[in-house]
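> Take this structure, written in structure tokens, and hold onto it; I'll ask about it next.
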Amino acid sequence: AIVSSVMLNNLDEIKKVCQNIKEMNLEDGILRTGWQGINRMLRGGFRRGEQVVIGALQHNYKTGFSLSLFKQIALYNTPYMIDKKKKPLLIRISFEDDLALNIEFIYRSLKENETGEPIPDNLEISVEEMSAYIYEKMAVNGYYIDMLRVDPTQWTYRDIINYCLKKEAEGYEIHVLMLDYLKMLPTTGCTQGPSGTDKRDLIRRVRNFTSARGIICISPWQLSSEAKQL
């Protein structure tokens, strides 16, 4: 459970912590989005180890907004590596939408931003051309990108953790873990109590894991109708 420690009468250990402080605040280590207003709000962008919850009511573009962020992080950032021997990785796990829908969204947003023209619904383009275009654009800065569709009834927060540990063992350094969306997971193994206790504990458990590893965790969160009334 001990994530890190330092002896303040050991100069080398203090230097390591101070190096971490510098790295956390380097501009290269901050992940920018494609929206200048959001970057200003975040003092430049997302910082490694942060947890971001995007709250919105039903049908208010939670998936589109988060998927756009995911695309933008790959497009507008050069990976800053904590461990130079590893490969930079962005992970997006959808507990709701099919992968084909997400990949089509990425293709359309990339192409329409580039050309300024809407893409016809019938997608008059070959599979080879579409796949090559997505591959070239999303890999432009050297990020490896892993996108999954998972049945949330078959997973818990422990499976998320185990999947991340598996990717780390394969030689990746995870920079972003995006979960669309975390609330859909059962709260098996979480603290139970008054309404909402288990959900808050679910967020806490995922945050404790990702924060210790310098992973930015981003998840949309659907607000209840009561939230709208409030």
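Each chain of the structure tokens is named A, B, ... in the order shown, its residues numbered from 1; ligands are numbered from 1 in display order.
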Using DSSP on the backbone coordinates, identify all residues within range 100-221 of chain A classified as helix (DSSP H, G or I); present the result as a ChimeraX atom specification.
/A:100-115,127-138,152-154,157-169,182-184,197-212
> Which polymer residues have any atom within 7 Å of an atom of Thr156 in chain A, counting only C-alpha atoms, with same-chain residues fewer than 4 positions away left out, as a compact mmCIF listing (two decimals) with N, CA and C atoms, in the first residue's frame?

# COMPACT_ATOMS: atom_id res chain seq x y z
N ILE A 160 -10.28 -3.37 -14.25
CA ILE A 160 -9.61 -2.20 -14.82
C ILE A 160 -8.16 -2.16 -14.36
N LEU A 185 -20.11 0.46 -14.13
CA LEU A 185 -19.54 -0.74 -13.51
C LEU A 185 -20.30 -1.10 -12.23
N PRO A 186 -20.47 -2.39 -11.94
CA PRO A 186 -21.00 -2.76 -10.63
C PRO A 186 -20.00 -2.36 -9.54
N THR A 187 -20.48 -2.12 -8.35
CA THR A 187 -19.60 -1.67 -7.26
C THR A 187 -19.17 -2.83 -6.38
N THR A 188 -18.98 -3.98 -6.99
CA THR A 188 -18.51 -5.16 -6.26
C THR A 188 -17.18 -4.86 -5.58
> Do you know which residues are at most 9 Å from Pro79 in chain A counting only C-alpha atoms, after dropping those on the same chain fewer than 5 positions away, and could you put them as a list in words?
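Within the cut-off, the hits are Asp28, Gly29, Leu31, Ala74, Pro88, Leu89, Asn141, Gly142, Tyr143 and His175 of chain A.
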> Using only C-alpha atoms for the distances, tell me which of A:Met41, A:Met81, A:Leu75, A:Leu202 is nearest to Tyr172 in chain A.
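Closest residue, counting only C-alpha atoms: A:Met81.
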> Kindly give the distance, in Å, that separates CA of Ile218 in chain A and CA of Ile54 in chain A, rounded to a single decimal.
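Rounded to one decimal, the two atoms are 7.6 Å apart.
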> Could you name the residues that touch Lys167 in chain A at 12 Å or less, counting only C-alpha atoms, but leaving out those on the same chain fewer than 4 positions away, as a PyMOL selection string?
chain A and resi 86-91+144-146+160-163+171-175+177
